[in-house]
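Asker: Contents of model.csv (CSV, C-alpha atoms and all ligand atoms):
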chain,number,residue,atom,x,y,z
A,1444,MET,CA,-53.3,46.8,14.6
A,1445,ILE,CA,-52.8,50.4,13.2
A,1446,LYS,CA,-55.7,52.6,14.0
A,1447,GLN,CA,-57.5,54.1,11.0
A,1448,GLU,CA,-56.9,57.9,10.8
A,1449,LYS,CA,-59.9,60.1,10.5
A,1450,ILE,CA,-59.1,63.4,8.7
A,1451,LEU,CA,-60.7,66.8,8.9
A,1452,ILE,CA,-59.7,69.5,6.4
A,1453,THR,CA,-60.7,73.2,6.9
A,1454,GLY,CA,-60.8,75.5,3.8
A,1455,ALA,CA,-61.2,72.4,1.6
A,1456,ASN,CA,-62.6,74.4,-1.3
A,1457,GLY,CA,-59.5,76.4,-1.7
A,1458,GLN,CA,-56.6,76.1,-4.2
A,1459,LEU,CA,-54.7,73.7,-2.0
A,1460,GLY,CA,-57.6,72.2,-0.1
A,1461,SER,CA,-59.4,70.9,-3.1
A,1462,VAL,CA,-56.4,69.0,-4.3
A,1463,LEU,CA,-55.3,67.9,-0.8
A,1464,ALA,CA,-58.8,66.5,0.0
A,1465,LYS,CA,-58.6,64.1,-3.0
A,1466,ARG,CA,-55.1,63.0,-2.2
A,1467,LEU,CA,-56.1,62.3,1.5
A,1468,GLN,CA,-59.2,60.4,0.3
A,1469,GLU,CA,-56.9,58.2,-1.9
A,1470,LYS,CA,-54.5,57.7,1.1
A,1471,HIS,CA,-57.1,57.1,3.9
A,1472,GLY,CA,-60.3,56.2,2.1
A,1473,VAL,CA,-63.1,58.4,1.0
A,1474,ASN,CA,-65.2,57.7,4.2
A,1475,ASN,CA,-62.3,58.7,6.5
A,1476,VAL,CA,-62.0,62.3,5.2
A,1477,VAL,CA,-64.3,65.1,6.2
A,1478,ALA,CA,-63.8,68.2,4.0
A,1479,THR,CA,-65.2,71.4,5.3
A,1480,ASP,CA,-65.4,75.0,4.1
A,1481,ILE,CA,-67.4,78.2,4.9
A,1482,VAL,CA,-69.0,77.9,1.5
A,1483,ALA,CA,-70.7,74.8,0.0
A,1484,ASP,CA,-69.1,72.8,-2.9
A,1485,GLU,CA,-71.9,71.1,-4.9
A,1486,ASP,CA,-69.4,69.1,-6.9
A,1487,PHE,CA,-67.5,67.6,-4.0
A,1488,VAL,CA,-67.4,63.8,-4.0
A,1489,GLY,CA,-67.2,62.5,-0.4
A,1490,ASN,CA,-68.0,63.8,3.0
A,1491,PHE,CA,-68.5,67.6,3.0
A,1492,GLU,CA,-69.7,69.8,5.9
A,1493,ILE,CA,-70.2,73.6,5.9
A,1494,LEU,CA,-68.0,74.9,8.7
A,1495,ASP,CA,-67.0,78.4,9.6
A,1496,VAL,CA,-63.9,77.7,11.7
A,1497,LEU,CA,-64.7,80.8,13.8
A,1498,ASP,CA,-67.6,78.7,15.2
A,1499,PHE,CA,-65.8,76.6,17.9
A,1500,GLU,CA,-68.9,74.6,19.0
A,1501,ARG,CA,-69.6,73.5,15.4
A,1502,LEU,CA,-65.9,72.6,14.9
A,1503,LYS,CA,-65.9,70.6,18.1
A,1504,SER,CA,-69.1,68.7,17.2
A,1505,ILE,CA,-67.7,67.8,13.8
A,1506,VAL,CA,-64.5,66.6,15.4
A,1507,ILE,CA,-66.4,64.5,18.0
A,1508,GLN,CA,-69.0,63.1,15.6
A,1509,ASN,CA,-66.4,61.9,13.1
A,1510,GLU,CA,-63.8,60.8,15.7
A,1511,ILE,CA,-61.2,63.0,14.0
A,1512,THR,CA,-57.5,62.1,14.6
A,1513,GLN,CA,-55.8,64.5,12.2
A,1514,ILE,CA,-56.6,68.1,11.1
A,1515,TYR,CA,-55.3,70.0,8.1
A,1516,HIS,CA,-56.2,73.6,8.8
A,1517,LEU,CA,-56.1,75.4,5.5
A,1518,ALA,CA,-58.8,78.1,6.0
A,1519,ALA,CA,-57.2,81.6,5.9
A,1520,ILE,CA,-57.4,84.9,4.2
A,1521,LEU,CA,-54.4,85.3,1.9
A,1522,SER,CA,-51.8,88.0,1.5
A,1523,ALA,CA,-53.3,90.3,-1.2
A,1524,SER,CA,-57.0,89.9,-0.1
A,1525,GLY,CA,-55.9,90.4,3.6
A,1526,GLU,CA,-54.6,93.9,3.0
A,1527,LYS,CA,-58.1,95.1,2.1
A,1528,HIS,CA,-59.4,94.4,5.7
A,1529,PRO,CA,-56.3,94.0,7.9
A,1530,LYS,CA,-58.0,93.7,11.3
A,1531,ARG,CA,-60.6,91.3,9.9
A,1532,THR,CA,-57.8,89.2,8.4
A,1533,TRP,CA,-56.0,89.1,11.7
A,1534,ASP,CA,-59.2,88.0,13.5
A,1535,ILE,CA,-60.0,85.3,11.0
A,1536,ASN,CA,-56.5,83.9,10.6
A,1537,THR,CA,-55.7,83.9,14.3
A,1538,LYS,CA,-59.1,83.0,15.8
A,1539,THR,CA,-59.7,80.1,13.4
A,1540,PHE,CA,-56.2,78.8,14.3
A,1541,PHE,CA,-56.8,79.0,18.1
A,1542,ASN,CA,-60.1,77.1,17.6
A,1543,VAL,CA,-58.3,74.4,15.8
A,1544,LEU,CA,-55.5,74.3,18.3
A,1545,ASP,CA,-57.9,74.1,21.3
A,1546,VAL,CA,-60.2,71.5,19.8
A,1547,SER,CA,-57.1,69.4,19.0
A,1548,VAL,CA,-56.0,69.5,22.6
A,1549,ILE,CA,-59.4,69.0,24.1
A,1550,GLN,CA,-60.3,66.1,21.8
A,1551,ASN,CA,-56.9,64.5,21.7
A,1552,VAL,CA,-56.3,65.0,18.0
A,1553,ASN,CA,-53.1,63.1,17.1
A,1554,LYS,CA,-51.6,65.4,14.5
A,1555,LEU,CA,-52.3,68.9,13.1
A,1556,PHE,CA,-51.1,70.5,9.9
A,1557,PHE,CA,-50.8,74.3,9.7
A,1558,PRO,CA,-49.6,76.0,6.5
A,1559,SER,CA,-47.3,79.0,6.9
A,1560,SER,CA,-45.9,81.0,4.1
A,1561,ILE,CA,-42.8,82.7,2.7
A,1562,ALA,CA,-44.8,85.9,3.6
A,1563,VAL,CA,-43.3,85.6,7.2
A,1564,TYR,CA,-40.1,87.2,6.0
A,1565,GLY,CA,-39.7,91.0,5.8
A,1566,ALA,CA,-37.7,93.2,3.6
A,1567,ASN,CA,-34.6,92.9,5.8
A,1568,ALA,CA,-34.2,89.2,5.2
A,1569,PRO,CA,-31.5,88.0,2.7
A,1570,LYS,CA,-33.3,87.7,-0.6
A,1571,ILE,CA,-31.3,84.8,-2.0
A,1572,ASN,CA,-31.4,81.4,-0.3
A,1573,THR,CA,-33.3,83.0,2.7
A,1574,PRO,CA,-32.3,81.0,5.8
A,1575,GLN,CA,-34.7,78.9,7.8
A,1576,SER,CA,-34.0,80.9,10.9
A,1577,TYR,CA,-34.0,84.7,10.5
A,1578,GLU,CA,-35.7,87.6,12.2
A,1579,LEU,CA,-39.3,87.6,10.9
A,1580,THR,CA,-40.6,91.1,10.3
A,1581,PRO,CA,-43.4,90.7,7.7
A,1582,THR,CA,-45.1,93.7,6.1
A,1583,THR,CA,-48.6,92.2,5.5
A,1584,VAL,CA,-51.2,91.4,8.1
A,1585,TYR,CA,-51.3,87.9,6.5
A,1586,GLY,CA,-47.5,87.5,7.2
A,1587,ILE,CA,-48.0,88.8,10.8
A,1588,SER,CA,-50.7,86.3,11.4
A,1589,LYS,CA,-48.5,83.4,10.0
A,1590,VAL,CA,-45.6,84.4,12.2
A,1591,ALA,CA,-47.9,84.5,15.2
A,1592,GLY,CA,-49.3,81.1,14.1
A,1593,GLU,CA,-45.9,79.6,13.9
A,1594,ASN,CA,-45.0,80.7,17.4
A,1595,TRP,CA,-48.3,79.5,18.8
A,1596,ALA,CA,-47.8,76.1,17.0
A,1597,LYS,CA,-44.5,75.7,18.9
A,1598,TYR,CA,-46.2,76.9,22.2
A,1599,TYR,CA,-48.9,74.2,21.9
A,1600,PHE,CA,-46.2,71.6,21.0
A,1601,ASP,CA,-44.0,72.6,24.0
A,1602,ASN,CA,-46.8,73.0,26.5
A,1603,TYR,CA,-49.6,70.6,25.4
A,1604,ASP,CA,-47.5,68.0,23.5
A,1605,LEU,CA,-49.7,68.7,20.4
A,1606,ASP,CA,-48.0,67.2,17.4
A,1607,ILE,CA,-48.4,70.1,15.1
A,1608,ARG,CA,-46.4,70.3,11.8
A,1609,SER,CA,-46.0,73.1,9.3
A,1610,VAL,CA,-44.4,74.2,6.1
A,1611,ARG,CA,-43.9,77.7,4.7
A,1612,TYR,CA,-45.4,77.2,1.2
A,1613,PRO,CA,-44.0,79.3,-1.6
A,1614,GLY,CA,-46.5,80.5,-4.3
A,1615,VAL,CA,-48.5,77.4,-5.3
A,1616,ILE,CA,-49.1,76.7,-9.0
A,1617,GLY,CA,-51.8,74.2,-10.0
A,1618,HIS,CA,-54.3,73.7,-12.8
A,1619,GLN,CA,-57.1,72.3,-10.6
A,1620,THR,CA,-58.6,75.5,-9.1
A,1621,LEU,CA,-58.0,79.2,-9.3
A,1622,PRO,CA,-55.9,80.8,-6.5
A,1623,GLY,CA,-57.6,82.7,-3.7
A,1624,GLY,CA,-56.2,86.2,-3.5
A,1625,GLY,CA,-52.4,85.8,-3.0
A,1626,THR,CA,-49.5,87.8,-4.3
A,1627,THR,CA,-48.3,84.9,-6.5
A,1628,ASP,CA,-51.6,84.4,-8.2
A,1629,TYR,CA,-50.3,85.8,-11.5
A,1630,ALA,CA,-48.3,82.6,-12.0
A,1631,VAL,CA,-51.5,80.6,-12.4
A,1632,ASP,CA,-53.6,83.3,-14.1
A,1633,ILE,CA,-51.0,83.7,-16.9
A,1634,PHE,CA,-51.6,80.1,-18.1
A,1635,TYR,CA,-55.3,80.8,-18.7
A,1636,LYS,CA,-54.3,83.6,-21.1
A,1637,ALA,CA,-51.6,81.6,-22.7
A,1638,ILE,CA,-53.9,78.7,-23.8
A,1639,ASN,CA,-56.3,81.3,-25.3
A,1640,GLU,CA,-53.4,82.9,-27.1
A,1641,THR,CA,-54.1,86.3,-25.6
A,1642,ASN,CA,-51.6,88.7,-24.0
A,1643,PHE,CA,-51.3,88.7,-20.2
A,1644,GLU,CA,-51.3,91.8,-18.0
A,1645,CYS,CA,-49.1,91.1,-15.0
A,1646,PHE,CA,-49.6,92.9,-11.6
A,1647,LEU,CA,-45.9,92.4,-10.8
A,1648,SER,CA,-42.9,93.9,-12.5
A,1649,LYS,CA,-41.0,91.7,-15.0
A,1650,ASN,CA,-38.0,91.0,-12.8
A,1651,THR,CA,-39.8,90.2,-9.5
A,1652,THR,CA,-38.3,86.8,-8.7
A,1653,LEU,CA,-40.3,84.8,-6.1
A,1654,PRO,CA,-40.2,81.2,-4.7
A,1655,MET,CA,-42.9,79.0,-6.3
A,1656,ILE,CA,-43.9,75.4,-6.1
A,1657,TYR,CA,-45.9,73.1,-8.4
A,1658,MET,CA,-49.0,71.7,-6.7
A,1659,ASP,CA,-47.9,68.1,-6.8
A,1660,ASP,CA,-44.7,69.0,-4.9
A,1661,ALA,CA,-46.7,71.1,-2.4
A,1662,ILE,CA,-49.2,68.3,-1.7
A,1663,ARG,CA,-46.4,65.7,-1.5
A,1664,ALA,CA,-44.4,67.9,1.0
A,1665,THR,CA,-47.5,68.2,3.1
A,1666,ILE,CA,-48.1,64.4,3.3
A,1667,GLU,CA,-44.4,63.5,3.7
A,1668,LEU,CA,-44.1,66.0,6.6
A,1669,MET,CA,-47.2,64.5,8.3
A,1670,ASP,CA,-45.9,61.0,7.8
A,1671,ALA,CA,-42.4,61.7,9.0
A,1672,PRO,CA,-41.4,60.1,12.4
A,1673,LYS,CA,-42.0,62.5,15.3
A,1674,LYS,CA,-38.4,62.3,16.4
A,1675,SER,CA,-37.1,63.6,13.0
A,1676,ILE,CA,-39.1,66.9,13.3
A,1677,SER,CA,-36.7,69.5,14.6
A,1678,ILE,CA,-38.6,72.6,13.6
A,1679,ARG,CA,-41.9,73.2,15.5
A,1680,THR,CA,-42.5,76.6,14.1
A,1681,SER,CA,-42.5,76.0,10.3
A,1682,TYR,CA,-40.2,74.5,7.7
A,1683,ASN,CA,-38.9,76.4,4.6
A,1684,ILE,CA,-39.6,74.4,1.5
A,1685,ALA,CA,-38.5,75.4,-2.0
A,1686,GLY,CA,-39.7,74.3,-5.4
A,1687,MET,CA,-38.4,76.7,-8.1
A,1688,SER,CA,-37.8,80.4,-8.3
A,1689,PHE,CA,-38.6,82.6,-11.3
A,1690,SER,CA,-39.7,86.1,-12.4
A,1691,PRO,CA,-42.8,86.9,-14.6
A,1692,GLU,CA,-40.3,87.5,-17.4
A,1693,GLU,CA,-38.8,84.0,-17.0
A,1694,LEU,CA,-42.2,82.4,-16.8
A,1695,THR,CA,-43.1,84.3,-20.0
A,1696,TYR,CA,-40.0,82.8,-21.7
A,1697,ALA,CA,-41.0,79.3,-20.6
A,1698,ILE,CA,-44.5,79.8,-22.1
A,1699,GLN,CA,-43.0,81.2,-25.3
A,1700,LYS,CA,-41.3,77.8,-25.8
A,1701,ILE,CA,-44.8,76.5,-26.5
A,1702,TYR,CA,-46.6,79.7,-27.7
A,1703,PRO,CA,-43.8,81.8,-29.4
A,1704,ASN,CA,-46.2,84.8,-29.9
A,1705,PHE,CA,-47.3,85.0,-26.3
A,1706,LYS,CA,-46.6,88.3,-24.6
A,1707,THR,CA,-46.8,89.7,-21.1
A,1708,LEU,CA,-47.5,93.4,-20.4
A,1709,TYR,CA,-46.4,94.7,-17.0
A,1710,LYS,CA,-48.7,96.9,-14.9
A,1711,PRO,CA,-47.5,96.5,-11.3
A,1712,ASP,CA,-50.2,97.3,-8.6
A,1713,PHE,CA,-50.3,97.2,-4.8
A,1714,ARG,CA,-49.1,93.6,-4.9
A,1715,GLN,CA,-45.7,94.7,-6.1
A,1716,LYS,CA,-45.0,96.3,-2.8
A,1717,ILE,CA,-45.8,93.0,-1.0
A,1718,ALA,CA,-43.7,90.9,-3.4
A,1719,SER,CA,-40.7,93.3,-3.1
A,1720,CYS,CA,-40.4,92.4,0.6
A,1721,TRP,CA,-40.4,88.6,0.0
A,1722,PRO,CA,-37.5,86.3,-0.6
A,1723,SER,CA,-36.4,85.4,-4.2
A,1724,SER,CA,-35.3,82.0,-3.2
A,1725,ILE,CA,-35.5,79.9,-0.1
A,1726,ASP,CA,-33.0,77.7,1.8
A,1727,ASP,CA,-34.9,74.4,2.5
A,1728,SER,CA,-31.8,72.4,3.7
A,1729,VAL,CA,-33.4,71.7,7.1
A,1730,ALA,CA,-36.5,70.1,5.6
A,1731,LYS,CA,-34.2,68.1,3.3
A,1732,LYS,CA,-32.1,66.9,6.2
A,1733,ASP,CA,-35.0,66.2,8.6
A,1734,TRP,CA,-37.6,64.5,6.4
A,1735,ASN,CA,-35.9,64.1,3.1
A,1736,TRP,CA,-37.8,66.8,1.3
A,1737,ASN,CA,-37.0,67.0,-2.4
A,1738,PRO,CA,-38.9,69.0,-5.1
A,1739,LEU,CA,-39.4,67.3,-8.4
A,1740,PHE,CA,-40.8,70.0,-10.7
A,1741,GLY,CA,-38.9,72.9,-12.3
A,1742,ILE,CA,-40.3,75.7,-14.4
A,1743,ASP,CA,-40.3,73.9,-17.8
A,1744,GLU,CA,-42.0,70.7,-16.6
A,1745,MET,CA,-44.6,72.7,-14.7
A,1746,THR,CA,-45.3,75.0,-17.7
A,1747,LYS,CA,-45.8,72.0,-20.0
A,1748,ILE,CA,-48.2,70.3,-17.6
A,1749,MET,CA,-50.1,73.4,-16.8
A,1750,ILE,CA,-50.7,74.1,-20.5
A,1751,GLU,CA,-51.7,70.5,-21.3
A,1752,GLU,CA,-54.1,70.2,-18.4
A,1753,LEU,CA,-55.8,73.5,-18.9
A,1754,LYS,CA,-56.2,72.9,-22.6
A,1755,LEU,CA,-57.8,69.5,-21.8
A,1756,LYS,CA,-60.1,71.1,-19.2
A,1757,GLN,CA,-61.1,73.7,-21.8
A,1758,GLN,CA,-61.8,71.1,-24.5
A,1759,THR,CA,-63.9,69.0,-22.0
A,1760,LYS,CA,-65.9,72.0,-21.0
A,1761,LEU,CA,-66.5,72.9,-24.7
A,1762,GLN,CA,-67.7,69.4,-25.5
A,1763,LYS,CA,-70.2,69.5,-22.6
A,1764,THR,CA,-71.8,72.8,-23.9
A,1801,LIG,N1,-51.8,79.1,-2.4
A,1801,LIG,C1,-50.6,79.5,-2.0
A,1801,LIG,O1,-49.8,80.0,-2.9
A,1801,LIG,C2,-50.2,79.5,-0.6
A,1801,LIG,C3,-48.9,80.0,-0.2
A,1801,LIG,C4,-48.5,80.0,1.1
A,1801,LIG,C5,-49.4,79.6,2.1
A,1801,LIG,N2,-50.6,79.2,1.7
A,1801,LIG,C6,-51.6,78.8,2.8
A,1801,LIG,O2,-52.2,77.6,2.5
A,1801,LIG,C7,-53.6,77.6,3.0
A,1801,LIG,C8,-54.5,77.3,1.9
A,1801,LIG,O3,-54.3,78.2,0.9
A,1801,LIG,P1,-55.2,78.3,-0.5
A,1801,LIG,O4,-54.3,78.9,-1.5
A,1801,LIG,O5,-55.8,77.0,-0.7
A,1801,LIG,O6,-56.2,79.4,0.0
A,1801,LIG,P2,-57.7,79.7,-0.7
A,1801,LIG,O7,-57.9,81.1,-0.5
A,1801,LIG,O8,-57.7,79.2,-2.1
A,1801,LIG,O9,-58.6,78.8,0.1
A,1801,LIG,C9,-59.0,79.1,1.5
A,1801,LIG,C10,-60.3,78.5,1.8
A,1801,LIG,O10,-60.6,78.9,3.1
A,1801,LIG,C11,-62.0,79.2,3.2
A,1801,LIG,N3,-62.3,80.0,4.4
A,1801,LIG,C12,-62.0,81.3,4.5
A,1801,LIG,N4,-62.5,81.7,5.8
A,1801,LIG,C13,-63.0,80.6,6.4
A,1801,LIG,C14,-63.6,80.3,7.6
A,1801,LIG,N5,-63.8,81.3,8.5
A,1801,LIG,N6,-64.0,79.1,7.9
A,1801,LIG,C15,-63.9,78.1,7.0
A,1801,LIG,N7,-63.3,78.3,5.8
A,1801,LIG,C16,-62.9,79.5,5.5
A,1801,LIG,C17,-62.4,79.8,1.9
A,1801,LIG,O11,-63.7,79.7,1.5
A,1801,LIG,C18,-61.4,79.1,0.9
A,1801,LIG,O12,-62.1,78.0,0.3
A,1801,LIG,C19,-53.8,79.0,3.6
A,1801,LIG,O13,-53.6,78.9,5.0
A,1801,LIG,C20,-52.7,79.8,3.0
A,1801,LIG,O14,-52.3,80.8,3.9
A,1801,LIG,C21,-51.1,79.1,0.4
For the structure just supplied, provide its representation as structure tokens.
Ligand SMILES: NC(=O)c1ccc[n+]([C@@H]2O[C@H](COP(=O)([O-])OP(=O)(O)OC[C@H]3O[C@@H](n4cnc5c(N)ncnc54)[C@H](O)[C@@H]3O)[C@@H](O)[C@H]2O)c1
Answerer:
Amino acid sequence: MIKQEKILITGANGQLGSVLAKRLQEKHGVNNVVATDIVADEDFVGNFEILDVLDFERLKSIVIQNEITQIYHLAAILSASGEKHPKRTWDINTKTFFNVLDVSVIQNVNKLFFPSSIAVYGANAPKINTPQSYELTPTTVYGISKVAGENWAKYYFDNYDLDIRSVRYPGVIGHQTLPGGGTTDYAVDIFYKAINETNFECFLSKNTTLPMIYMDDAIRATIELMDAPKKSISIRTSYNIAGMSFSPEELTYAIQKIYPNFKTLYKPDFRQKIASCWPSSIDDSVAKKDWNWNPLFGIDEMTKIMIEELKLKQQTKLQKT
């Protein structure tokens, strides 16, 4: 008989965590998923625990009490927010990860998911079709913490046989929650302005092309990687995955197909410097070969869905008030 998996998610209130939690509840059953975050979520349906992942003893007791077999460790400080307090970001991103790595080894957790990012690359990496394996010289403390995390992931796999799996997410675009302080946040914020037919002020320059991924693809990649047979996983640092690539100007054109009068004004800020060091597009051929990764959403499909879903959300909110 196949043993029922018991899932723990850290950072479950975040942009990715809130969607992943629902998807994992559908897959494993509501009672078999424990969502946790440092802040409470009054609206969460299912098992929710307050957890600061810096608190190892609390993490351990939640893992023991719920007989956790898989952990999705999403809690982190993101690229743009991270630059405001570099050392604090390093502490939070690395200490929380060590706590999750150690509890996984001590409590025999079967599988662990750790999200890395395109932020691991530095300005020296080829911008187009950035290869899976290249010298990683990130410019942000966030990127530095993800590179360290990737290497520690491989170390725990090699030395403790911990089955830890990881993808380098591009900028994630979804309608469910607002993003949490990353350099690609503009690509979500822009839709909130579009549906209200007001102009958008973009913090990146119009031709800054970055790799992006629609939420459904990002969540599916996560689940497919975790479900892949162990023997097919050749990368134990982190896999490149690609969805689509576009600049703020190209996203504006896509929105103008629906709202012809929509305009973006460009006012690059400190985030431009971060974005300028990142890849424009990503080579994800190793993920495609190893576990059949294949993105389904391009810029036009994503734009259409984002606008439809956000309009629906706005109408529902208005009806309630
Ligand atoms: N969203 C993206 O575009 C993107 C891209 C690349 C990688 N990632 C990675 O995916 C993961 C999830 O990203 P996200 O966009 O959902 O982030 P987010 O900022 O929206 O959510 C992170 C969550 O972690 C929680 N958190 C912060 N510190 C904590 C702590 N000490 N203990 C417990 N919880 C804590 C926050 O309250 C928040 O709910 C992160 O590791 C991020 O680096 C995200």
Asker: Point out the residue among A:Ile1535, A:Ile1633, A:Ala1591, A:Ile1678 with the least atom-to-atom distance to Asp1498 (chain A), counting all atoms listed in the file.
Answerer: A:Ile1535
Asker: Mind giving me the straight-line distance from CA of Gly1617 (chain A) to atom C18 of ligand LIG 1801 (chain A) in Å, one decimal?
Answerer: 15.3 Å
Asker: Which residue out of A:Gln1513, A:Ser1681, A:Thr1479, A:Thr1641 has the minimum interatomic distance to Leu1555 (chain A) when all atoms listed in the file are used?
Answerer: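 Distance minimum relative to Leu1555 (chain A) lands on A:Gln1513.
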Asker: List all protein, DNA and RNA residues that have any atom at most 7 Å from ligand LIG 1801 (chain A), counting only C-alpha atoms and all ligand atoms, and write the list as a VMD selection string.
Answerer: chain A and resid 1453 to 1460 1480 to 1482 1494 to 1497 1517 to 1521 1535 1539 1558 to 1561 1611 to 1616 1622 to 1625 1627
Asker: With only C-alpha atoms counted, which protein, DNA or RNA residues have an atom no more than 7 Å from (-44.4, 70.1, -8.5) in the file frame? Please answer as number ranges by chain.
Answerer: A: 1656-1661, 1738-1740, 1745
Asker: Considering only C-alpha atoms, return as a ChimeraX atom specification whatever protein or nucleic-acid residues lie within 12 Å of Pro1711 (chain A), sequence-local ones (same chain, fewer than 2 positions apart) excluded.
Answerer: /A:1626,1629,1644-1651,1691,1707-1709,1713-1719
Asker: Between A:Asp1486, A:Val1552, A:Asp1628, A:Phe1491, which one has atoms that come closest to Ser1524 (chain A), using only C-alpha atoms?
Answerer: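 For Ser1524 (chain A), the nearest of the candidates is A:Asp1628.
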Asker: From the list A:Ile1607, A:Leu1463, A:Ile1587, A:Ala1637, which residue is nearest Met1749 (chain A) when using all atoms listed in the file?
Answerer: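 Nearest candidate to Met1749 (chain A) out of A:Ile1607, A:Leu1463, A:Ile1587, A:Ala1637: A:Ala1637.
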Asker: Out of A:Ala1523, A:Leu1605, A:Lys1530, A:Ile1514, which residue has the shortest atom-to-atom distance to Val1548 (chain A) when counting all atoms listed in the file?
Answerer: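 Using all atoms listed in the file, Val1548 (chain A) sits closest to A:Leu1605.
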Asker: Select, from A:Lys1589, A:Cys1720, A:Ala1730, A:Gln1762, the residue with the minimum atom-to-atom distance to Thr1665 (chain A), counting only C-alpha atoms.
Answerer: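 Closest to Thr1665 (chain A), using only C-alpha atoms: A:Ala1730.
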Asker: CA of Asn1594 (chain A) and CA of Thr1680 (chain A) are how many Å apart?
Answerer: 5.8 Å
